[in-house]
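Notes to accompany the following structure.
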Amino acid sequence: MSYSHKIDKTAKMADVQITNEGSTMSTVPFRNRDGKLVDVPMVTASRLKNEFGTVFEQAALSGAVVITKHDTPRAVLLSYAEFEALTASATPALDDLSERFDKLLATMQTPEAKAGVAAAFDATPEELGAAAVKAARAAQPR
């Protein structure tokens with residue numbers, strides 16, 4: 001078995017992508033802001049320290065770079081566009097939840113809802129059991 005064949009086999013086993021320059025670079029799958037699954041390159045912390053400008057440009061162009069220390073992912077350097085997409089997507093969800101909560105709270109503040117809660121707290125265990133059985137039977141598909 002030739003030396004280059006061993007390298008190719010090792011690269012495939014380690015899920016390593018071989019670049020045109022002949023150097024090897026591991027990748028990690030990542031869903032980008034467009035929802036596409038892309039391979040994000042992994043860079044060692046030493047390389048980041050020694051070649052910050054190059055790694056910075058790589059993150060800015062590709063969207064992200066995973067920083068490893070002792071072969072373990074420790075951090076991610078994101079492009080500003082990826083960062084904005086991550087932070088912007090969480091904001092509408094929180095606003096939507098707040099709106100839904102406010103609507104639910106408003107329905108619970110009606111006189112009918114207050115009377116229903118009072119009746120439930122004043123009911124005997126037998127009355128609660130009968131109401132539960134009635135609700136369960138009504139919910140069963142026929």
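Chain lettering (A, B, ...) mirrors the order of the structure tokens, residue numbering begins at 1 for each chain separately, and ligand numbering begins at 1 in order of display.
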When DSSP works through the backbone of this structure, what residues of stretch 27-132 of chain A end up as strand (DSSP E), shown as a PDB file with C-alpha atoms, in the first residue's frame?
ATOM      1  CA  THR A  27     -14.876  20.376   9.003  1.00  0.00           C
ATOM      2  CA  VAL A  28     -18.009  20.431  11.149  1.00  0.00           C
ATOM      3  CA  PRO A  29     -21.551  20.499   9.701  1.00  0.00           C
ATOM      4  CA  PHE A  30     -23.409  23.764  10.418  1.00  0.00           C
ATOM      5  CA  ARG A  31     -26.820  25.075   9.332  1.00  0.00           C
ATOM      6  CA  LEU A  37     -26.191  22.552   5.798  1.00  0.00           C
ATOM      7  CA  VAL A  38     -22.588  23.607   5.132  1.00  0.00           C
ATOM      8  CA  ASP A  39     -19.196  22.361   6.292  1.00  0.00           C
ATOM      9  CA  VAL A  40     -17.475  24.798   8.624  1.00  0.00           C
ATOM     10  CA  PRO A  41     -13.683  24.567   8.728  1.00  0.00           C
ATOM     11  CA  MET A  42     -11.931  23.799  12.003  1.00  0.00           C
ATOM     12  CA  VAL A  43      -8.827  25.784  12.943  1.00  0.00           C
ATOM     13  CA  THR A  44      -6.499  25.191  15.858  1.00  0.00           C
ATOM     14  CA  ALA A  64     -17.998  30.670  10.574  1.00  0.00           C
ATOM     15  CA  VAL A  65     -14.816  28.944  11.704  1.00  0.00           C
ATOM     16  CA  VAL A  66     -14.608  26.444  14.573  1.00  0.00           C
ATOM     17  CA  ILE A  67     -11.644  27.019  16.895  1.00  0.00           C
ATOM     18  CA  THR A  68     -10.191  23.864  18.455  1.00  0.00           C
ATOM     19  CA  LYS A  69      -7.834  23.283  21.342  1.00  0.00           C
ATOM     20  CA  THR A  72     -11.720  19.605  20.780  1.00  0.00           C
ATOM     21  CA  PRO A  73     -14.015  22.365  19.468  1.00  0.00           C
ATOM     22  CA  ARG A  74     -13.873  25.197  22.012  1.00  0.00           C
ATOM     23  CA  ALA A  75     -15.256  28.284  20.243  1.00  0.00           C
ATOM     24  CA  VAL A  76     -16.733  29.553  16.995  1.00  0.00           C
ATOM     25  CA  LEU A  77     -15.717  32.703  15.159  1.00  0.00           C
ATOM     26  CA  LEU A  78     -18.829  33.945  13.296  1.00  0.00           C
TER      27      LEU A  78
END
- Task: Would you mind writing down, as a ChimeraX atom specification, each residue of stretch 4-140 of chain A that DSSP on the backbone assigns to helix (DSSP H, G or I)?
- Result: /A:4-13,45-50,52-62,80-108,111-122,125-139
What would the file look like if the residues just selected were written as a PDB file, in the first residue's frame with C-alpha atoms?
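Okay, this is what ended up in again.pdb:
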ATOM      1  CA  SER A   4      -0.505   8.513  -0.454  1.00  0.00           C
ATOM      2  CA  HIS A   5      -3.146   5.774  -0.290  1.00  0.00           C
ATOM      3  CA  LYS A   6      -2.711   5.614   3.509  1.00  0.00           C
ATOM      4  CA  ILE A   7      -3.200   9.386   3.714  1.00  0.00           C
ATOM      5  CA  ASP A   8      -6.360   9.246   1.608  1.00  0.00           C
ATOM      6  CA  LYS A   9      -7.767   6.407   3.718  1.00  0.00           C
ATOM      7  CA  THR A  10      -6.932   8.223   6.976  1.00  0.00           C
ATOM      8  CA  ALA A  11      -8.487  11.444   5.695  1.00  0.00           C
ATOM      9  CA  LYS A  12     -11.729   9.659   4.815  1.00  0.00           C
ATOM     10  CA  MET A  13     -11.881   7.938   8.212  1.00  0.00           C
ATOM     11  CA  ALA A  45      -6.114  27.882  18.493  1.00  0.00           C
ATOM     12  CA  SER A  46      -2.407  28.064  17.630  1.00  0.00           C
ATOM     13  CA  ARG A  47      -3.169  28.761  13.972  1.00  0.00           C
ATOM     14  CA  LEU A  48      -5.707  31.408  15.012  1.00  0.00           C
ATOM     15  CA  LYS A  49      -3.044  33.091  17.137  1.00  0.00           C
ATOM     16  CA  ASN A  50      -0.377  32.917  14.429  1.00  0.00           C
ATOM     17  CA  PHE A  52      -5.389  35.729  12.798  1.00  0.00           C
ATOM     18  CA  GLY A  53      -5.906  37.816   9.653  1.00  0.00           C
ATOM     19  CA  THR A  54      -6.255  34.755   7.425  1.00  0.00           C
ATOM     20  CA  VAL A  55      -8.629  32.963   9.798  1.00  0.00           C
ATOM     21  CA  PHE A  56     -10.620  36.173  10.278  1.00  0.00           C
ATOM     22  CA  GLU A  57     -11.106  36.531   6.507  1.00  0.00           C
ATOM     23  CA  GLN A  58     -12.035  32.852   6.244  1.00  0.00           C
ATOM     24  CA  ALA A  59     -14.775  33.341   8.877  1.00  0.00           C
ATOM     25  CA  ALA A  60     -15.987  36.543   7.236  1.00  0.00           C
ATOM     26  CA  LEU A  61     -16.272  34.847   3.833  1.00  0.00           C
ATOM     27  CA  SER A  62     -17.537  31.399   4.834  1.00  0.00           C
ATOM     28  CA  TYR A  80     -21.266  39.503  11.485  1.00  0.00           C
ATOM     29  CA  ALA A  81     -24.006  38.405   9.062  1.00  0.00           C
ATOM     30  CA  GLU A  82     -24.285  34.998  10.795  1.00  0.00           C
ATOM     31  CA  PHE A  83     -24.325  36.714  14.202  1.00  0.00           C
ATOM     32  CA  GLU A  84     -27.135  39.055  13.116  1.00  0.00           C
ATOM     33  CA  ALA A  85     -29.135  36.122  11.748  1.00  0.00           C
ATOM     34  CA  LEU A  86     -28.754  34.222  15.032  1.00  0.00           C
ATOM     35  CA  THR A  87     -29.763  37.149  17.230  1.00  0.00           C
ATOM     36  CA  ALA A  88     -32.563  38.393  14.977  1.00  0.00           C
ATOM     37  CA  SER A  89     -34.285  35.010  14.769  1.00  0.00           C
ATOM     38  CA  ALA A  90     -34.708  34.813  18.558  1.00  0.00           C
ATOM     39  CA  THR A  91     -36.308  38.252  18.941  1.00  0.00           C
ATOM     40  CA  PRO A  92     -39.581  37.656  17.032  1.00  0.00           C
ATOM     41  CA  ALA A  93     -40.126  34.366  18.846  1.00  0.00           C
ATOM     42  CA  LEU A  94     -39.981  36.109  22.220  1.00  0.00           C
ATOM     43  CA  ASP A  95     -42.313  38.871  21.023  1.00  0.00           C
ATOM     44  CA  ASP A  96     -44.727  36.238  19.703  1.00  0.00           C
ATOM     45  CA  LEU A  97     -44.697  34.388  23.033  1.00  0.00           C
ATOM     46  CA  SER A  98     -45.339  37.617  24.934  1.00  0.00           C
ATOM     47  CA  GLU A  99     -48.308  38.403  22.685  1.00  0.00           C
ATOM     48  CA  ARG A 100     -49.750  34.902  23.124  1.00  0.00           C
ATOM     49  CA  PHE A 101     -49.287  35.145  26.905  1.00  0.00           C
ATOM     50  CA  ASP A 102     -51.067  38.501  27.026  1.00  0.00           C
ATOM     51  CA  LYS A 103     -54.043  37.083  25.067  1.00  0.00           C
ATOM     52  CA  LEU A 104     -54.241  34.024  27.310  1.00  0.00           C
ATOM     53  CA  LEU A 105     -54.073  36.173  30.434  1.00  0.00           C
ATOM     54  CA  ALA A 106     -56.858  38.417  29.101  1.00  0.00           C
ATOM     55  CA  THR A 107     -59.155  35.405  28.551  1.00  0.00           C
ATOM     56  CA  MET A 108     -58.443  34.211  32.095  1.00  0.00           C
ATOM     57  CA  PRO A 111     -65.931  37.115  34.741  1.00  0.00           C
ATOM     58  CA  GLU A 112     -66.805  33.683  33.268  1.00  0.00           C
ATOM     59  CA  ALA A 113     -63.259  32.391  33.738  1.00  0.00           C
ATOM     60  CA  LYS A 114     -63.087  33.740  37.288  1.00  0.00           C
ATOM     61  CA  ALA A 115     -66.422  32.040  38.115  1.00  0.00           C
ATOM     62  CA  GLY A 116     -65.165  28.757  36.636  1.00  0.00           C
ATOM     63  CA  VAL A 117     -62.017  28.827  38.758  1.00  0.00           C
ATOM     64  CA  ALA A 118     -64.030  29.654  41.876  1.00  0.00           C
ATOM     65  CA  ALA A 119     -66.414  26.765  41.141  1.00  0.00           C
ATOM     66  CA  ALA A 120     -63.499  24.357  40.667  1.00  0.00           C
ATOM     67  CA  PHE A 121     -61.979  25.341  44.009  1.00  0.00           C
ATOM     68  CA  ASP A 122     -65.364  25.047  45.749  1.00  0.00           C
ATOM     69  CA  PRO A 125     -63.853  15.589  45.162  1.00  0.00           C
ATOM     70  CA  GLU A 126     -66.855  13.692  43.791  1.00  0.00           C
ATOM     71  CA  GLU A 127     -67.895  16.678  41.650  1.00  0.00           C
ATOM     72  CA  LEU A 128     -64.347  17.067  40.339  1.00  0.00           C
ATOM     73  CA  GLY A 129     -64.201  13.335  39.494  1.00  0.00           C
ATOM     74  CA  ALA A 130     -67.527  13.456  37.655  1.00  0.00           C
ATOM     75  CA  ALA A 131     -66.398  16.525  35.689  1.00  0.00           C
ATOM     76  CA  ALA A 132     -63.120  14.809  34.748  1.00  0.00           C
ATOM     77  CA  VAL A 133     -64.933  11.676  33.517  1.00  0.00           C
ATOM     78  CA  LYS A 134     -67.367  13.798  31.514  1.00  0.00           C
ATOM     79  CA  ALA A 135     -64.514  15.769  29.888  1.00  0.00           C
ATOM     80  CA  ALA A 136     -62.566  12.578  29.092  1.00  0.00           C
ATOM     81  CA  ARG A 137     -65.601  10.956  27.439  1.00  0.00           C
ATOM     82  CA  ALA A 138     -66.285  14.077  25.399  1.00  0.00           C
ATOM     83  CA  ALA A 139     -62.654  14.147  24.202  1.00  0.00           C
TER      84      ALA A 139
END
